[in-house]
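Q: Structure incoming, see below.
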Amino acid sequence: MGGLAEVRYIIASRPGLAGDVAPTAAAGHARHRLTELHARMILVTGGAGFIGSNFVLDWLAGTDEPVVNLDKLTYAGNVRNLDGLAGDARHRFVRGDIADQPLLESLLADHAVRAIVHFAAESHVDRSIHGPGDFVDTNIVGTFRLLEAARAYWSALPQASRDAFRFLHVSTDEVFGTLAAGDPPFSETNQYLPNSPYAASKAASDHLVRGYHHTYGLPVLTTNCSNNYGPWQFPEKLIPLIIANALAGKPLPIYGDGRQIRDWLYVGDHCSAIRHVLESGRAGEVYCVGGSSEKANIDVVQTLCGILDAERPRADGTPYASLITYVKDRPGHDRRYAIDARKITAELGWQPAETFETGMRRTVRWYLDHQDWVADVTSGGYRDWIAKHYGG
Ligand SMILES: NC(=O)c1ccc[n+]([C@@H]2O[C@H](COP(=O)([O-])OP(=O)(O)OC[C@H]3O[C@@H](n4cnc5c(N)ncnc54)[C@H](O)[C@@H]3O)[C@@H](O)[C@H]2O)c1
């Protein structure tokens, strides 16, 4: 860590930015020395999104290793999730696209990055049905550009740094398709059978990552995780949407019969799984991550309603579940996902800390305590803030 002391940061003077720092010329001179000393700094892509911002916050709560956070700030990215890091020299936020290869190359070199944790993606299945193009551009082409930049950077590192370098690709269980009621859960050896444009684009990115390991030797790691829930999730996703609608007295929409089954994992547990894989995972390996917590969508909504009834009873005393409304099912809606997470547990000792019940309660309380955040995101106030600070 001695090399890090060589780096001086200046904190950008724009107020309110989440720890936006720029390296000084001194840092530029220190760059090569830092590389030789196996600098410890990671590049996170998509670190203003739901899981990415949880990851960055957890990371910097647990270590002093700095983070360069590259995010395009699409509708799903919210740099204000990182307000708690304002003025923190360990965090540098950069607004940019993972498909911008020159930008990637300069970020990698300027910061002597020792690992990339790749979250950036278009991630909403419903949006992929209405507009698959963005999913191809970011999830496939963007990941390809990121791999190319990583390969160029990694190839030029000194041997010890090459050996230590990692490219961790964050993927989803949706690449495996759907399960029938009695099927065993997905594991690392499952066939890829993606059923939506989102899942297909993530599957393609997984294949590219695998190909870069087998062809070029790039030290990659891939995680395929089940559905996450927790703080900072964009309010169009099931759990924050249900909480927001319930509090507003609006219908709680349930697709089809509501019997679609998902495995649910608290986002903090996904972040800890990624840290385990990054530090101890074997290069070239895939790790399935899940909460061993299969629930039908209708049961998730009933659970949320029950917690809200206890935490924030309605003025007229009627249960929140009376707002449940069944709507037309999503086309191609997968019936069941489930994850066998025995490999990551056996090899790396990872286990989720939260149960479904404790994680859901924490999540509901977080949204109740952060109504201003939800209102800001849903009202467009956040987009106005971005336009003011970033010009668009
Ligand atoms: N949410 C889940 O339940 C879940 C489960 C398993 C895996 N994953 C995977 O985890 C990752 C993160 O998911 P999430 O739910 O946090 O998604 P999200 O949509 O909340 O966040 C994605 C982030 O990526 C950024 N981004 C999008 N396109 C970009 C581009 N071209 N360049 C740079 N940044 C860009 C967005 O601005 C946003 O901040 C994704 O790769 C997703 O496939 C998600």
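Chain labels A, B, ... are given in the sequence in which chains occur in the structure tokens; within each chain residues are numbered consecutively from 1, and ligands are likewise numbered from 1 in the order shown.
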Quick one: residues within 7 Å of Val267 of chain A, only C-alpha atoms counted, chain neighbours fewer than 3 positions away excluded, as a PyMOL selection string?
A: chain A and resi 51+228-230+270-271
Q: Take the residues just selected and output them with N, CA and C atoms as a PDB file, in the first residue's frame.
A:
```pdb
ATOM      1  N   ILE A  51     -27.605  -2.098  -7.621  1.00  0.00           N
ATOM      2  CA  ILE A  51     -26.637  -2.970  -6.946  1.00  0.00           C
ATOM      3  C   ILE A  51     -25.270  -2.293  -6.882  1.00  0.00           C
ATOM      4  N   ASN A 228     -32.453  -9.499  -6.774  1.00  0.00           N
ATOM      5  CA  ASN A 228     -32.016  -8.725  -5.613  1.00  0.00           C
ATOM      6  C   ASN A 228     -33.132  -7.778  -5.158  1.00  0.00           C
ATOM      7  N   TYR A 229     -33.101  -7.449  -3.883  1.00  0.00           N
ATOM      8  CA  TYR A 229     -33.986  -6.401  -3.364  1.00  0.00           C
ATOM      9  C   TYR A 229     -33.231  -5.675  -2.264  1.00  0.00           C
ATOM     10  N   GLY A 230     -33.661  -4.448  -1.975  1.00  0.00           N
ATOM     11  CA  GLY A 230     -33.004  -3.682  -0.918  1.00  0.00           C
ATOM     12  C   GLY A 230     -33.024  -2.195  -1.244  1.00  0.00           C
ATOM     13  N   HIS A 270     -25.640  -9.975  -1.923  1.00  0.00           N
ATOM     14  CA  HIS A 270     -25.043 -10.083  -3.262  1.00  0.00           C
ATOM     15  C   HIS A 270     -23.682  -9.365  -3.272  1.00  0.00           C
ATOM     16  N   CYS A 271     -23.636  -8.196  -2.658  1.00  0.00           N
ATOM     17  CA  CYS A 271     -22.367  -7.438  -2.621  1.00  0.00           C
ATOM     18  C   CYS A 271     -21.294  -8.234  -1.887  1.00  0.00           C
TER      19      CYS A 271
END
```
Q: Residues contacting ligand 1 - anything with an atom at most 8 Å away, using only C-alpha atoms and all ligand atoms - can you give me those as a PyMOL selection string?
A: chain A and resi 45-53+70-79+95-99+118-124+137-139+142+169-174+202+224-229+233-234
Q: I'd like the neighbourhood of Leu168 of chain A as an MDAnalysis selection string, where a residue qualifies if any of its atoms comes within 9 Å (using only C-alpha atoms), though same-chain residues fewer than 6 positions away should be ignored.
A: chainID A and resid 115:119 219:223 274 277:278
Q: Now that the selection is made, can you save its residues with C-alpha atoms as a PDB file, in the first residue's frame?
A:
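Okay, this is what ended up in selection-v8.pdb:
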```
ATOM      1  CA  ALA A 115      -9.680  -5.171 -10.799  1.00  0.00           C
ATOM      2  CA  ILE A 116     -12.843  -4.304 -12.698  1.00  0.00           C
ATOM      3  CA  VAL A 117     -16.252  -5.056 -11.232  1.00  0.00           C
ATOM      4  CA  HIS A 118     -18.712  -4.811 -14.098  1.00  0.00           C
ATOM      5  CA  PHE A 119     -22.309  -4.017 -13.142  1.00  0.00           C
ATOM      6  CA  PRO A 219      -8.428 -13.511 -15.581  1.00  0.00           C
ATOM      7  CA  VAL A 220     -12.218 -13.251 -15.503  1.00  0.00           C
ATOM      8  CA  LEU A 221     -14.802 -14.228 -12.914  1.00  0.00           C
ATOM      9  CA  THR A 222     -18.548 -14.422 -13.560  1.00  0.00           C
ATOM     10  CA  THR A 223     -21.378 -14.387 -11.031  1.00  0.00           C
ATOM     11  CA  ILE A 274     -19.035 -10.369  -5.154  1.00  0.00           C
ATOM     12  CA  VAL A 277     -15.467 -13.983  -5.551  1.00  0.00           C
ATOM     13  CA  LEU A 278     -13.208 -11.025  -6.290  1.00  0.00           C
TER      14      LEU A 278
END
```
Q: Between atom CA of Ala152 of chain A and atom CA of Arg90 of chain A, measure the distance and give it in Å to one decimal.
A: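 Distance between the two atoms: 25.3 Å.
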Q: Smallest atom-to-atom distance to His276 of chain A: which of A:Gly332, A:Gly349, A:Val289, A:Leu218, using only C-alpha atoms?
A: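 Closest candidate: A:Gly349.
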